[in-house]
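Peer 1: Structure supplied as work_28.pdb; contents: PDB, C-alpha atoms.
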```pdb
ATOM      1  CA  ASP T 575     104.690  98.563 107.437
ATOM      2  CA  ILE T 576     102.370  96.382 105.381
ATOM      3  CA  ARG T 577      98.889  96.003 106.864
ATOM      4  CA  GLU T 578      97.315  93.922 104.109
ATOM      5  CA  GLY T 579      97.565  90.171 104.160
ATOM      6  CA  LEU T 580      95.724  86.991 104.970
ATOM      7  CA  ILE T 581      93.870  85.651 107.967
ATOM      8  CA  TYR T 582      93.666  81.873 108.090
ATOM      9  CA  LEU T 583      92.719  78.677 109.895
ATOM     10  CA  ILE T 584      95.118  75.717 109.913
ATOM     11  CA  SER T 585      94.542  72.231 111.279
ATOM     12  CA  ASN T 586      96.761  69.266 112.077
ATOM     13  CA  PRO T 587      95.598  65.725 112.884
ATOM     14  CA  ALA T 588      98.043  65.626 115.810
ATOM     15  CA  TRP T 589      95.837  68.265 117.500
ATOM     16  CA  SER T 590      92.462  67.105 116.243
ATOM     17  CA  THR T 591      90.521  69.037 118.892
ATOM     18  CA  HIS T 592      91.980  72.447 117.986
ATOM     19  CA  ILE T 593      92.462  74.747 115.024
ATOM     20  CA  LYS T 594      95.125  77.444 114.551
ATOM     21  CA  VAL T 595      94.054  81.039 113.919
ATOM     22  CA  GLY T 596      96.653  83.236 112.306
ATOM     23  CA  MET T 597      97.641  85.997 109.934
ATOM     24  CA  THR T 598     100.432  86.410 107.427
ATOM     25  CA  ILE T 599     101.534  88.145 104.274
ATOM     26  CA  ASP T 600     102.654  84.919 102.584
ATOM     27  CA  LEU T 601     100.596  81.814 103.391
ATOM     28  CA  ASP T 602     102.945  79.400 101.598
ATOM     29  CA  ASP T 603     105.901  80.606 103.672
ATOM     30  CA  ARG T 604     103.859  80.428 106.858
ATOM     31  CA  LEU T 605     102.754  76.878 106.129
ATOM     32  CA  LYS T 606     106.347  75.849 105.377
ATOM     33  CA  SER T 607     107.432  77.175 108.764
ATOM     34  CA  TYR T 608     104.737  75.076 110.482
ATOM     35  CA  GLN T 609     105.707  72.008 108.488
ATOM     36  CA  THR T 610     109.164  72.085 110.099
ATOM     37  CA  TYR T 611     107.439  71.300 113.413
ATOM     38  CA  SER T 612     105.695  68.227 112.011
ATOM     39  CA  PRO T 613     107.577  65.148 110.806
ATOM     40  CA  PHE T 614     104.545  64.232 108.689
ATOM     41  CA  LYS T 615     104.129  67.698 107.156
ATOM     42  CA  ASP T 616     100.407  67.381 107.691
ATOM     43  CA  PHE T 617      99.252  70.889 108.522
ATOM     44  CA  LYS T 618      96.238  71.766 106.374
ATOM     45  CA  VAL T 619      94.921  75.201 105.471
ATOM     46  CA  GLU T 620      91.199  75.054 106.281
ATOM     47  CA  LYS T 621      90.217  78.586 105.299
ATOM     48  CA  TYR T 622      91.834  81.892 104.408
ATOM     49  CA  ASN T 623      90.988  85.276 102.975
ATOM     50  CA  PHE T 624      92.722  88.518 102.085
ATOM     51  CA  VAL T 625      92.082  91.471 104.407
ATOM     52  CA  LEU T 626      93.241  95.078 104.458
ATOM     53  CA  ASP T 627      94.492  94.960 108.077
ATOM     54  CA  ARG T 628      95.612  91.444 108.949
ATOM     55  CA  ARG T 629      96.616  92.196 112.559
ATOM     56  CA  ASN T 630      93.313  93.839 113.418
ATOM     57  CA  GLU T 631      91.265  91.146 111.667
ATOM     58  CA  GLU T 632      93.154  88.388 113.516
ATOM     59  CA  LYS T 633      92.328  90.133 116.823
ATOM     60  CA  GLU T 634      88.665  90.346 115.801
ATOM     61  CA  LEU T 635      88.703  86.687 114.799
ATOM     62  CA  LEU T 636      90.110  85.633 118.173
ATOM     63  CA  LYS T 637      87.472  87.696 120.010
ATOM     64  CA  LEU T 638      84.951  85.133 118.746
ATOM     65  CA  VAL T 639      86.524  82.550 121.063
ATOM     66  CA  PRO T 640      85.596  83.144 124.715
ATOM     67  CA  ASN T 641      88.579  83.112 127.085
ATOM     68  CA  PHE T 642      91.042  82.203 124.359
ATOM     69  CA  GLU T 643      94.541  81.636 125.686
ATOM     70  CA  SER T 644      96.440  80.981 122.473
ATOM     71  CA  GLU T 645      95.995  80.965 118.721
ATOM     72  CA  TRP T 646      95.177  77.252 118.899
ATOM     73  CA  VAL T 647      91.476  77.351 119.685
ATOM     74  CA  PRO T 648      88.944  74.574 120.300
ATOM     75  CA  LEU T 649      87.648  73.042 117.085
ATOM     76  CA  LYS T 650      84.052  73.669 118.173
ATOM     77  CA  TYR T 651      84.589  77.317 117.113
ATOM     78  CA  LYS T 652      85.610  76.427 113.559
ATOM     79  CA  GLU T 653      82.207  77.193 112.016
ATOM     80  CA  VAL T 654      81.938  80.678 113.517
ATOM     81  CA  LEU T 655      85.557  81.408 112.564
ATOM     82  CA  VAL T 656      84.914  80.294 108.974
ATOM     83  CA  GLU T 657      81.802  82.485 108.847
ATOM     84  CA  PHE T 658      83.854  85.477 110.006
ATOM     85  CA  ILE T 659      86.504  84.842 107.352
ATOM     86  CA  ASN T 660      83.780  84.402 104.724
ATOM     87  CA  SER T 661      82.227  87.729 105.777
ATOM     88  CA  LYS T 662      85.319  89.577 104.611
ATOM     89  CA  HIS T 663      85.292  90.864 101.059
ATOM     90  CA  LYS T 664      85.694  87.640  99.123
ATOM     91  CA  ILE T 665      88.931  87.653  97.187
ATOM     92  CA  VAL T 666      90.595  84.285  97.805
ATOM     93  CA  GLY T 667      90.270  81.039  99.788
TER      94      GLY T 667
END
```
Kindly transcribe the structure held in the file into structure tokens.
Peer 2:
Amino acid sequence: DIREGLIYLISNPAWSTHIKVGMTIDLDDRLKSYQTYSPFKDFKVEKYNFVLDRRNEEKELLKLVPNFESEWVPLKYKEVLVEFINSKHKIVG
């Protein structure tokens, strides 16, 4: 059971008012899986960083969004989400 991995933010112009919060071990694979849902292959990684417990950090990240109902959160929270990701020990992204 691997705990380490990445937390990330992904955008897509088709949903310009929201940003996707997620976690993964392999960001390239994750992005490829999203691209299959978009004929234009236009998902963009906005921010990411390596963390020691990706599941826990994703939960903490989503707690920053009041009343969140999915991992697609309103774009107005992007800045605070980026700050959270930046607050992690800077390794990548």
Peer 1: Pick out the residues sitting within 12 Å of T:Leu636, and hand them over as a count of residues only; count all atoms listed in the file, and ignore anything fewer than 2 positions along from it in its own chain.
Peer 2: 32
Peer 1: Using the chain letters and residue numbers of this document, give as a ChimeraX atom specification the residues selected by the PyMOL selection byres ((chain T and resi 601) around 12).
Peer 2: /T:579-584,596-600,602-608,618-624,666-667
Peer 1: Go ahead and compute the interatomic distance for atom CA of T:Ser590 and atom CA of T:Thr610, in Å to one decimal.
Peer 2: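 That distance, rounded to one decimal, is 18.5 Å.
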Peer 1: Go ahead and compute the interatomic distance for atom CA of T:Glu578 and atom CA of T:Asp627, in Å to one decimal.
Peer 2: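 Those two atoms sit 5.0 Å apart.
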Peer 1: For a quick check of understanding, using only C-alpha atoms, which of T:Glu657, T:Leu635, T:Lys650, T:Lys662 has the smallest distance to T:His592?
Peer 2: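 Looking only at the distances to T:His592, the closest residue turns out to be T:Lys650.
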Peer 1: For T:Asp575, which residue out of T:Ala588, T:Glu653, T:Lys615, T:Arg628 is the nearest one, using all atoms listed in the file?
Peer 2: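 The answer is T:Arg628, which sits nearest to T:Asp575.
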Peer 1: Given the choices T:Leu626, T:Leu649, T:Tyr611, T:Lys637, which gets closest to T:Ser585 if the distance is worked out from only C-alpha atoms?
Peer 2: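 Checking each candidate against T:Ser585, we get T:Leu649 as the closest.
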Peer 1: Could you give me the axis-aligned bounding box of stretch 603-607 of chain T, with 5 Å of padding per side, as centre plus edge lengths in Å to one decimal, as AutoDock Vina command-line options?
Peer 2:
```
--center_x 105.1 --center_y 78.2 --center_z 106.2 --size_x 14.7 --size_y 14.8 --size_z 15.1
```
